[in-house]
file final37.pdb (PDB, C-alpha atoms, pLDDT in the B column)
ATOM      1  CA  MET G   2     -27.792  61.276 276.486  1.00 44.00           C
ATOM      2  CA  MET G   3     -25.019  60.040 274.209  1.00 45.00           C
ATOM      3  CA  ARG G   4     -25.973  57.614 271.491  1.00 46.00           C
ATOM      4  CA  LYS G   5     -24.036  54.392 271.637  1.00 45.00           C
ATOM      5  CA  ASP G   6     -22.171  55.047 268.371  1.00 49.00           C
ATOM      6  CA  GLU G   7     -21.049  58.592 269.338  1.00 52.00           C
ATOM      7  CA  SER G   8     -18.460  57.345 271.830  1.00 53.00           C
ATOM      8  CA  THR G   9     -16.664  55.320 269.169  1.00 57.00           C
ATOM      9  CA  GLU G  10     -17.199  57.904 266.432  1.00 74.00           C
ATOM     10  CA  ALA G  11     -14.692  60.455 267.775  1.00 80.00           C
ATOM     11  CA  PRO G  12     -11.532  58.301 267.686  1.00 86.00           C
ATOM     12  CA  GLU G  13     -12.503  56.941 264.267  1.00 93.00           C
ATOM     13  CA  ARG G  14     -13.131  60.459 262.968  1.00 92.00           C
ATOM     14  CA  PHE G  15      -9.748  61.667 264.229  1.00 95.00           C
ATOM     15  CA  GLU G  16      -7.953  58.643 262.764  1.00 96.00           C
ATOM     16  CA  TYR G  17      -9.640  59.138 259.404  1.00 96.00           C
ATOM     17  CA  LEU G  18      -8.690  62.836 259.285  1.00 97.00           C
ATOM     18  CA  GLN G  19      -5.164  61.938 260.368  1.00 97.00           C
ATOM     19  CA  SER G  20      -4.948  59.394 257.553  1.00 97.00           C
ATOM     20  CA  LEU G  21      -5.976  62.092 255.055  1.00 97.00           C
ATOM     21  CA  VAL G  22      -3.262  64.460 256.296  1.00 97.00           C
ATOM     22  CA  THR G  23      -0.692  61.646 256.156  1.00 97.00           C
ATOM     23  CA  GLU G  24      -1.787  60.715 252.645  1.00 96.00           C
ATOM     24  CA  PHE G  25      -1.379  64.349 251.554  1.00 96.00           C
ATOM     25  CA  GLN G  26       2.130  64.485 253.021  1.00 95.00           C
ATOM     26  CA  ASN G  27       3.257  61.151 251.590  1.00 97.00           C
ATOM     27  CA  THR G  28       1.891  61.187 248.054  1.00 96.00           C
ATOM     28  CA  ASP G  29       3.686  62.650 245.058  1.00 96.00           C
ATOM     29  CA  SER G  30       0.537  62.659 242.940  1.00 97.00           C
ATOM     30  CA  GLU G  31      -0.898  66.152 242.451  1.00 96.00           C
ATOM     31  CA  GLU G  32      -4.269  64.619 241.656  1.00 97.00           C
ATOM     32  CA  ALA G  33      -4.292  62.665 244.933  1.00 97.00           C
ATOM     33  CA  LYS G  34      -3.263  65.810 246.842  1.00 97.00           C
ATOM     34  CA  GLU G  35      -6.106  67.753 245.215  1.00 97.00           C
ATOM     35  CA  GLN G  36      -8.591  65.060 246.234  1.00 97.00           C
ATOM     36  CA  VAL G  37      -7.327  65.037 249.833  1.00 97.00           C
ATOM     37  CA  LEU G  38      -7.447  68.845 250.021  1.00 97.00           C
ATOM     38  CA  ALA G  39     -11.007  68.857 248.697  1.00 97.00           C
ATOM     39  CA  ASN G  40     -11.990  66.261 251.308  1.00 96.00           C
ATOM     40  CA  LEU G  41     -10.296  68.161 254.140  1.00 97.00           C
ATOM     41  CA  ALA G  42     -11.999  71.401 253.035  1.00 97.00           C
ATOM     42  CA  ASN G  43     -15.359  69.624 253.167  1.00 96.00           C
ATOM     43  CA  PHE G  44     -14.620  68.166 256.610  1.00 96.00           C
ATOM     44  CA  ALA G  45     -13.713  71.681 257.789  1.00 96.00           C
ATOM     45  CA  TYR G  46     -17.373  72.605 257.331  1.00 93.00           C
ATOM     46  CA  ASP G  47     -18.484  70.324 260.193  1.00 94.00           C
ATOM     47  CA  PRO G  48     -18.030  71.800 263.693  1.00 94.00           C
ATOM     48  CA  LYS G  49     -17.450  68.276 265.057  1.00 94.00           C
ATOM     49  CA  ASN G  50     -14.135  68.194 263.169  1.00 95.00           C
ATOM     50  CA  MET G  51     -12.687  71.561 264.236  1.00 95.00           C
ATOM     51  CA  GLU G  52     -10.750  70.338 267.251  1.00 95.00           C
ATOM     52  CA  TYR G  53      -9.244  67.432 265.297  1.00 96.00           C
ATOM     53  CA  LEU G  54      -8.315  69.637 262.355  1.00 96.00           C
ATOM     54  CA  ARG G  55      -6.597  72.127 264.692  1.00 95.00           C
ATOM     55  CA  GLU G  56      -4.730  69.281 266.380  1.00 95.00           C
ATOM     56  CA  LEU G  57      -3.602  67.978 262.976  1.00 97.00           C
ATOM     57  CA  GLN G  58      -2.468  71.510 261.988  1.00 96.00           C
ATOM     58  CA  VAL G  59      -4.762  71.555 258.983  1.00 97.00           C
ATOM     59  CA  PRO G  60      -5.173  75.376 259.142  1.00 96.00           C
ATOM     60  CA  ASP G  61      -1.426  75.651 258.438  1.00 96.00           C
ATOM     61  CA  LEU G  62      -1.735  73.131 255.604  1.00 97.00           C
ATOM     62  CA  PHE G  63      -4.513  75.217 254.020  1.00 97.00           C
ATOM     63  CA  LEU G  64      -2.458  78.403 254.457  1.00 97.00           C
ATOM     64  CA  ASP G  65       0.531  76.759 252.785  1.00 96.00           C
ATOM     65  CA  MET G  66      -1.655  75.999 249.763  1.00 97.00           C
ATOM     66  CA  LEU G  67      -2.352  79.690 249.160  1.00 97.00           C
ATOM     67  CA  THR G  68       1.165  80.226 247.808  1.00 96.00           C
ATOM     68  CA  GLU G  69       1.179  77.201 245.489  1.00 96.00           C
ATOM     69  CA  GLU G  70       1.164  77.400 241.681  1.00 96.00           C
ATOM     70  CA  ASN G  71      -1.592  74.788 241.334  1.00 97.00           C
ATOM     71  CA  GLU G  72      -4.922  76.666 241.107  1.00 97.00           C
ATOM     72  CA  ASN G  73      -6.816  73.710 242.609  1.00 97.00           C
ATOM     73  CA  PHE G  74      -4.523  73.701 245.648  1.00 98.00           C
ATOM     74  CA  ILE G  75      -5.224  77.401 246.119  1.00 98.00           C
ATOM     75  CA  GLU G  76      -8.979  76.994 245.660  1.00 98.00           C
ATOM     76  CA  PHE G  77      -9.280  74.055 248.062  1.00 98.00           C
ATOM     77  CA  GLY G  78      -6.917  75.654 250.590  1.00 97.00           C
ATOM     78  CA  MET G  79      -8.920  78.885 250.505  1.00 98.00           C
ATOM     79  CA  GLY G  80     -12.206  76.977 250.746  1.00 97.00           C
ATOM     80  CA  GLY G  81     -10.915  75.018 253.736  1.00 97.00           C
ATOM     81  CA  LEU G  82      -9.750  78.190 255.481  1.00 97.00           C
ATOM     82  CA  CYS G  83     -13.109  79.764 254.781  1.00 97.00           C
ATOM     83  CA  ASN G  84     -14.874  76.857 256.483  1.00 97.00           C
ATOM     84  CA  LEU G  85     -12.448  76.779 259.435  1.00 97.00           C
ATOM     85  CA  SER G  86     -12.609  80.538 259.967  1.00 96.00           C
ATOM     86  CA  MET G  87     -16.220  80.257 261.127  1.00 95.00           C
ATOM     87  CA  ASP G  88     -14.996  78.591 264.329  1.00 95.00           C
ATOM     88  CA  PRO G  89     -13.638  81.134 266.868  1.00 94.00           C
ATOM     89  CA  GLU G  90     -10.733  78.920 267.991  1.00 94.00           C
ATOM     90  CA  CYS G  91      -9.750  78.112 264.403  1.00 94.00           C
ATOM     91  CA  ARG G  92     -10.077  81.804 263.539  1.00 95.00           C
ATOM     92  CA  ASP G  93      -7.554  82.626 266.278  1.00 94.00           C
ATOM     93  CA  VAL G  94      -5.145  79.950 264.997  1.00 93.00           C
ATOM     94  CA  ILE G  95      -5.477  81.321 261.464  1.00 95.00           C
ATOM     95  CA  LEU G  96      -4.884  84.899 262.634  1.00 94.00           C
ATOM     96  CA  GLN G  97      -1.820  83.868 264.671  1.00 93.00           C
ATOM     97  CA  SER G  98      -0.354  82.492 261.442  1.00 91.00           C
ATOM     98  CA  GLY G  99      -0.459  85.930 259.813  1.00 87.00           C
ATOM     99  CA  ALA G 100      -3.104  84.816 257.342  1.00 93.00           C
ATOM    100  CA  ILE G 101      -4.683  88.141 256.431  1.00 95.00           C
ATOM    101  CA  SER G 102      -2.091  89.040 253.795  1.00 94.00           C
ATOM    102  CA  LEU G 103      -2.203  85.527 252.276  1.00 96.00           C
ATOM    103  CA  VAL G 104      -5.996  85.638 252.116  1.00 97.00           C
ATOM    104  CA  THR G 105      -5.938  89.172 250.704  1.00 96.00           C
ATOM    105  CA  ASN G 106      -3.615  88.006 247.914  1.00 96.00           C
ATOM    106  CA  CYS G 107      -6.325  85.534 246.868  1.00 97.00           C
ATOM    107  CA  LEU G 108      -8.644  88.443 246.035  1.00 97.00           C
ATOM    108  CA  SER G 109      -6.730  88.738 242.761  1.00 95.00           C
ATOM    109  CA  ASN G 110      -7.251  85.084 241.829  1.00 96.00           C
ATOM    110  CA  ARG G 111      -8.902  84.389 238.472  1.00 95.00           C
ATOM    111  CA  ARG G 112     -11.255  81.782 239.942  1.00 97.00           C
ATOM    112  CA  GLU G 113     -14.481  83.155 241.335  1.00 97.00           C
ATOM    113  CA  GLU G 114     -14.798  80.386 243.965  1.00 97.00           C
ATOM    114  CA  THR G 115     -11.382  81.272 245.361  1.00 98.00           C
ATOM    115  CA  VAL G 116     -12.252  84.980 245.494  1.00 98.00           C
ATOM    116  CA  LEU G 117     -15.622  84.305 247.161  1.00 98.00           C
ATOM    117  CA  SER G 118     -13.907  82.130 249.779  1.00 98.00           C
ATOM    118  CA  ALA G 119     -11.279  84.839 250.354  1.00 98.00           C
ATOM    119  CA  ILE G 120     -13.918  87.542 250.900  1.00 98.00           C
ATOM    120  CA  THR G 121     -15.890  85.316 253.273  1.00 98.00           C
ATOM    121  CA  THR G 122     -12.725  84.378 255.158  1.00 98.00           C
ATOM    122  CA  LEU G 123     -11.795  88.041 255.596  1.00 97.00           C
ATOM    123  CA  MET G 124     -15.278  88.698 256.954  1.00 97.00           C
ATOM    124  CA  ASN G 125     -14.906  85.770 259.372  1.00 97.00           C
ATOM    125  CA  LEU G 126     -11.452  86.997 260.455  1.00 97.00           C
ATOM    126  CA  ALA G 127     -12.764  90.478 261.275  1.00 95.00           C
ATOM    127  CA  THR G 128     -12.398  91.135 264.998  1.00 93.00           C
ATOM    128  CA  PRO G 129     -11.997  94.420 266.882  1.00 93.00           C
ATOM    129  CA  THR G 130      -8.218  93.862 266.661  1.00 93.00           C
ATOM    130  CA  THR G 131      -8.067  92.987 262.950  1.00 94.00           C
ATOM    131  CA  ARG G 132     -10.830  95.195 261.545  1.00 93.00           C
ATOM    132  CA  SER G 133      -8.459  98.040 260.585  1.00 92.00           C
ATOM    133  CA  GLN G 134      -6.237  95.607 258.681  1.00 94.00           C
ATOM    134  CA  ILE G 135      -9.207  93.987 256.935  1.00 94.00           C
ATOM    135  CA  SER G 136     -10.771  97.314 255.991  1.00 93.00           C
ATOM    136  CA  GLU G 137      -7.620  99.004 254.725  1.00 92.00           C
ATOM    137  CA  PRO G 138      -8.081 101.199 251.610  1.00 91.00           C
ATOM    138  CA  GLY G 139      -6.721  98.710 249.042  1.00 91.00           C
ATOM    139  CA  ILE G 140      -9.129  96.007 250.193  1.00 94.00           C
ATOM    140  CA  LEU G 141     -12.037  98.478 250.272  1.00 94.00           C
ATOM    141  CA  GLN G 142     -11.296  99.609 246.724  1.00 93.00           C
ATOM    142  CA  CYS G 143     -11.158  95.988 245.639  1.00 94.00           C
ATOM    143  CA  MET G 144     -14.556  95.340 247.278  1.00 96.00           C
ATOM    144  CA  LEU G 145     -16.027  98.435 245.644  1.00 94.00           C
ATOM    145  CA  ARG G 146     -14.862  97.124 242.304  1.00 94.00           C
ATOM    146  CA  PHE G 147     -16.269  93.664 243.036  1.00 96.00           C
ATOM    147  CA  SER G 148     -19.588  95.279 244.058  1.00 95.00           C
ATOM    148  CA  LEU G 149     -19.911  96.313 240.388  1.00 93.00           C
ATOM    149  CA  ALA G 150     -19.133  92.848 238.997  1.00 94.00           C
ATOM    150  CA  GLU G 151     -21.475  91.039 236.623  1.00 94.00           C
ATOM    151  CA  SER G 152     -21.510  87.971 238.871  1.00 95.00           C
ATOM    152  CA  PRO G 153     -24.386  88.323 241.374  1.00 97.00           C
ATOM    153  CA  ARG G 154     -22.547  86.165 243.926  1.00 97.00           C
ATOM    154  CA  LEU G 155     -19.433  88.324 243.802  1.00 97.00           C
ATOM    155  CA  ARG G 156     -21.391  91.587 243.681  1.00 96.00           C
ATOM    156  CA  ASN G 157     -23.611  90.652 246.630  1.00 97.00           C
ATOM    157  CA  LEU G 158     -20.808  89.289 248.814  1.00 98.00           C
ATOM    158  CA  ALA G 159     -18.659  92.379 248.215  1.00 97.00           C
ATOM    159  CA  THR G 160     -21.631  94.569 249.155  1.00 96.00           C
ATOM    160  CA  VAL G 161     -22.134  92.608 252.390  1.00 97.00           C
ATOM    161  CA  PHE G 162     -18.396  92.951 253.155  1.00 97.00           C
ATOM    162  CA  LEU G 163     -18.610  96.738 252.708  1.00 96.00           C
ATOM    163  CA  GLN G 164     -21.661  96.906 254.985  1.00 95.00           C
ATOM    164  CA  ASP G 165     -20.391  94.575 257.701  1.00 94.00           C
ATOM    165  CA  CYS G 166     -16.643  95.242 257.838  1.00 93.00           C
ATOM    166  CA  CYS G 167     -16.364  98.941 257.005  1.00 91.00           C
ATOM    167  CA  SER G 168     -17.739 102.207 258.233  1.00 89.00           C
ATOM    168  CA  GLU G 169     -19.722 104.426 255.877  1.00 91.00           C
ATOM    169  CA  GLU G 170     -16.888 106.968 256.110  1.00 92.00           C
ATOM    170  CA  GLN G 171     -14.290 104.378 255.035  1.00 89.00           C
ATOM    171  CA  VAL G 172     -16.415 103.398 252.039  1.00 89.00           C
ATOM    172  CA  ARG G 173     -16.966 107.057 251.099  1.00 90.00           C
ATOM    173  CA  GLN G 174     -13.227 107.781 251.259  1.00 89.00           C
ATOM    174  CA  ALA G 175     -12.416 104.728 249.152  1.00 86.00           C
ATOM    175  CA  GLN G 176     -15.031 105.780 246.576  1.00 87.00           C
ATOM    176  CA  GLN G 177     -13.556 109.291 246.428  1.00 86.00           C
ATOM    177  CA  HIS G 178     -10.069 107.902 246.010  1.00 83.00           C
ATOM    178  CA  MET G 179     -11.226 105.636 243.185  1.00 82.00           C
ATOM    179  CA  GLN G 180     -12.900 108.553 241.394  1.00 80.00           C
ATOM    180  CA  GLY G 181      -9.566 110.354 241.445  1.00 65.00           C
ATOM    181  CA  CYS G 182      -7.834 107.383 239.834  1.00 59.00           C
ATOM    182  CA  GLN G 183      -9.148 105.872 236.635  1.00 49.00           C
ATOM    183  CA  THR G 184      -7.636 102.483 237.494  1.00 49.00           C
ATOM    184  CA  ALA G 185      -9.176 101.108 240.655  1.00 45.00           C
ATOM    185  CA  VAL G 186      -6.746  98.578 242.035  1.00 49.00           C
ATOM    186  CA  GLY G 187      -5.551  96.674 239.020  1.00 53.00           C
ATOM    187  CA  ILE G 188      -7.034  93.469 240.352  1.00 58.00           C
ATOM    188  CA  PRO G 189      -8.732  91.574 237.530  1.00 59.00           C
ATOM    189  CA  LEU G 190     -12.232  90.314 238.140  1.00 62.00           C
ATOM    190  CA  PRO G 191     -12.316  86.527 238.461  1.00 65.00           C
ATOM    191  CA  LYS G 192     -13.527  84.389 235.608  1.00 60.00           C
ATOM    192  CA  GLU G 193     -16.627  82.301 236.218  1.00 53.00           C
TER     193      GLU G 193
END
call {"tool": "encode", "arguments": {"input": "final37.pdb", "output": "C-alpha cells"}}
result
Amino acid sequence: MMRKDESTEAPERFEYLQSLVTEFQNTDSEEAKEQVLANLANFAYDPKNMEYLRELQVPDLFLDMLTEENENFIEFGMGGLCNLSMDPECRDVILQSGAISLVTNCLSNRREETVLSAITTLMNLATPTTRSQISEPGILQCMLRFSLAESPRLRNLATVFLQDCCSEEQVRQAQQHMQGCQTAVGIPLPKE
C-alpha cells in the first residue's frame, strides 16, 4: 500500500534533481558547480533516483567531469559514477558511453577517494562482455601495486578487485610481468 506522501514525492524529487542539473549548467561559479556535483553524487546513491538521473543524463554529466582540470569535479564525478554503476540500467548507460577508459584513467589520480571510486566502478562495470577489458594487464598490474599500498582501504579494495574480476592465471601472469620490470606501471599511489 502506497503511503499518501509517496505519490507526490516522485514529481517533486524529479523536479528537484532537474533544478540541480539546470543550476550546474547555468552557473559560472566553480564552487557552486562543485556543490551541485557533490549533491548529485549523493543522490545517485539512492535507488529511487536512478530513473530520474538517467532521464536527466546525469551519467553523461559525471563522465564529462572525469576529463576536467578541477580535482573536485573529477572526484565528485567519479563518486557519482560509482554510485550509479551499482544499478544495472545505469551500468548499461555508462558502458554505452565508453566509460571504461575514462574510469581507468582515474586510477592514476592523486586523490585516494577518486581512486577508490574508480576501482569500485570498474568492479561494478564488470560483465561477461567487459571483463576482458577490465582485467587487461595494465589494470591488473596497477591493482597489484595498489594491493601493496600503505592505505588499508586501497590495499583491501585492490585485493578484492583481483579476486573478483580476474582469474588466478591472469594475476599470476601480471605478477610475473611485474617481476621482469622494475617499474610496475608508473602510476603514482594516491595521496591520503
call {"tool": "closest_atom_pairs", "arguments": {"input": "final37.pdb", "of": "segment 54-144 of chain G", "to": "segment 158-177 of chain G", "cutoff": "6 Å", "atoms": "all atoms listed in the file", "output": "JSON lines"}}
result
{"residue": "G:Ser136", "atom": "CA", "partner": "G:Cys167", "partner_atom": "CA", "distance": 5.9}
{"residue": "G:Gln142", "atom": "CA", "partner": "G:Ala175", "partner_atom": "CA", "distance": 5.8}
{"residue": "G:Met144", "atom": "CA", "partner": "G:Ala159", "partner_atom": "CA", "distance": 5.1}
call {"tool": "residues_around", "arguments": {"input": "final37.pdb", "residues": "Val104 of chain G", "least_positions_apart": "2", "cutoff": "12 Å", "atoms": "only C-alpha atoms", "output": "PyMOL selection string"}}
result
chain G and resi 63-68+75-76+78-83+86+95-96+98-102+106-110+115-126+134-135+140
call {"tool": "resolve_selection", "arguments": {"input": "final37.pdb", "expression": "the PyMOL selection byres ((chain G and resi 24) around 12)", "output": "compact mmCIF listing (two decimals) with C-alpha atoms, in the frame of the given file"}}
result
# COMPACT_ATOMS: atom_id res chain seq x y z
CA TYR G 17 -9.64 59.14 259.40
CA LEU G 18 -8.69 62.84 259.29
CA GLN G 19 -5.16 61.94 260.37
CA SER G 20 -4.95 59.39 257.55
CA LEU G 21 -5.98 62.09 255.06
CA VAL G 22 -3.26 64.46 256.30
CA THR G 23 -0.69 61.65 256.16
CA PHE G 25 -1.38 64.35 251.55
CA GLN G 26 2.13 64.48 253.02
CA ASN G 27 3.26 61.15 251.59
CA THR G 28 1.89 61.19 248.05
CA ASP G 29 3.69 62.65 245.06
CA SER G 30 0.54 62.66 242.94
CA GLU G 31 -0.90 66.15 242.45
CA GLU G 32 -4.27 64.62 241.66
CA ALA G 33 -4.29 62.66 244.93
CA LYS G 34 -3.26 65.81 246.84
CA GLU G 35 -6.11 67.75 245.22
CA GLN G 36 -8.59 65.06 246.23
CA VAL G 37 -7.33 65.04 249.83
CA LEU G 38 -7.45 68.84 250.02
CA ASN G 40 -11.99 66.26 251.31
CA LEU G 41 -10.30 68.16 254.14
call {"tool": "atom_distance", "arguments": {"input": "final37.pdb", "atom1": "atom CA of Thr131 of chain G", "atom2": "atom CA of Met87 of chain G"}}
result
15.2 Å
call {"tool": "atom_distance", "arguments": {"input": "final37.pdb", "atom1": "atom CA of Asn43 of chain G", "atom2": "atom CA of Leu155 of chain G"}}
result
21.3 Å
call {"tool": "build_atoms", "arguments": {"input": "final37.pdb", "residues": "segment 129-145 of chain G", "atoms": "N, CA, C and O atoms", "output": "JSON list (two decimals), in the frame of the given file"}}
result
[["chain", "number", "residue", "atom", "x", "y", "z"],
["G", 129, "PRO", "N", -12.37, 93.04, 266.54],
["G", 129, "PRO", "CA", -12.00, 94.42, 266.88],
["G", 129, "PRO", "C", -10.50, 94.70, 266.65],
["G", 129, "PRO", "O", -10.13, 95.79, 266.25],
["G", 130, "THR", "N", -9.67, 93.69, 266.84],
["G", 130, "THR", "CA", -8.22, 93.86, 266.66],
["G", 130, "THR", "C", -7.81, 93.89, 265.19],
["G", 130, "THR", "O", -6.87, 94.57, 264.82],
["G", 131, "THR", "N", -8.48, 93.12, 264.35],
["G", 131, "THR", "CA", -8.07, 92.99, 262.95],
["G", 131, "THR", "C", -8.86, 93.86, 261.98],
["G", 131, "THR", "O", -8.49, 93.96, 260.81],
["G", 132, "ARG", "N", -9.93, 94.46, 262.45],
["G", 132, "ARG", "CA", -10.83, 95.20, 261.54],
["G", 132, "ARG", "C", -10.09, 96.25, 260.73],
["G", 132, "ARG", "O", -10.33, 96.41, 259.53],
["G", 133, "SER", "N", -9.16, 96.98, 261.33],
["G", 133, "SER", "CA", -8.46, 98.04, 260.58],
["G", 133, "SER", "C", -7.61, 97.45, 259.46],
["G", 133, "SER", "O", -7.51, 98.02, 258.37],
["G", 134, "GLN", "N", -7.04, 96.28, 259.71],
["G", 134, "GLN", "CA", -6.24, 95.61, 258.68],
["G", 134, "GLN", "C", -7.13, 95.07, 257.55],
["G", 134, "GLN", "O", -6.77, 95.14, 256.38],
["G", 135, "ILE", "N", -8.30, 94.58, 257.92],
["G", 135, "ILE", "CA", -9.21, 93.99, 256.94],
["G", 135, "ILE", "C", -9.94, 95.06, 256.14],
["G", 135, "ILE", "O", -10.36, 94.82, 255.02],
["G", 136, "SER", "N", -10.06, 96.25, 256.70],
["G", 136, "SER", "CA", -10.77, 97.31, 255.99],
["G", 136, "SER", "C", -9.82, 98.40, 255.50],
["G", 136, "SER", "O", -10.20, 99.55, 255.36],
["G", 137, "GLU", "N", -8.58, 98.01, 255.21],
["G", 137, "GLU", "CA", -7.62, 99.00, 254.72],
["G", 137, "GLU", "C", -8.02, 99.43, 253.31],
["G", 137, "GLU", "O", -8.74, 98.71, 252.62],
["G", 138, "PRO", "N", -7.59, 100.62, 252.87],
["G", 138, "PRO", "CA", -8.08, 101.20, 251.61],
["G", 138, "PRO", "C", -7.96, 100.30, 250.38],
["G", 138, "PRO", "O", -8.88, 100.26, 249.56],
["G", 139, "GLY", "N", -6.87, 99.58, 250.22],
["G", 139, "GLY", "CA", -6.72, 98.71, 249.04],
["G", 139, "GLY", "C", -7.79, 97.63, 248.99],
["G", 139, "GLY", "O", -8.34, 97.33, 247.92],
["G", 140, "ILE", "N", -8.10, 97.04, 250.14],
["G", 140, "ILE", "CA", -9.13, 96.01, 250.19],
["G", 140, "ILE", "C", -10.50, 96.63, 249.93],
["G", 140, "ILE", "O", -11.31, 96.08, 249.19],
["G", 141, "LEU", "N", -10.76, 97.80, 250.50],
["G", 141, "LEU", "CA", -12.04, 98.48, 250.27],
["G", 141, "LEU", "C", -12.24, 98.80, 248.79],
["G", 141, "LEU", "O", -13.32, 98.59, 248.24],
["G", 142, "GLN", "N", -11.19, 99.28, 248.15],
["G", 142, "GLN", "CA", -11.30, 99.61, 246.72],
["G", 142, "GLN", "C", -11.56, 98.34, 245.91],
["G", 142, "GLN", "O", -12.36, 98.36, 244.96],
["G", 143, "CYS", "N", -10.93, 97.28, 246.30],
["G", 143, "CYS", "CA", -11.16, 95.99, 245.64],
["G", 143, "CYS", "C", -12.62, 95.57, 245.81],
["G", 143, "CYS", "O", -13.28, 95.17, 244.85],
["G", 144, "MET", "N", -13.16, 95.72, 247.02],
["G", 144, "MET", "CA", -14.56, 95.34, 247.28],
["G", 144, "MET", "C", -15.51, 96.25, 246.52],
["G", 144, "MET", "O", -16.55, 95.79, 246.01],
["G", 145, "LEU", "N", -15.19, 97.52, 246.43],
["G", 145, "LEU", "CA", -16.03, 98.44, 245.64],
["G", 145, "LEU", "C", -16.07, 98.00, 244.19],
["G", 145, "LEU", "O", -17.11, 98.00, 243.54]]
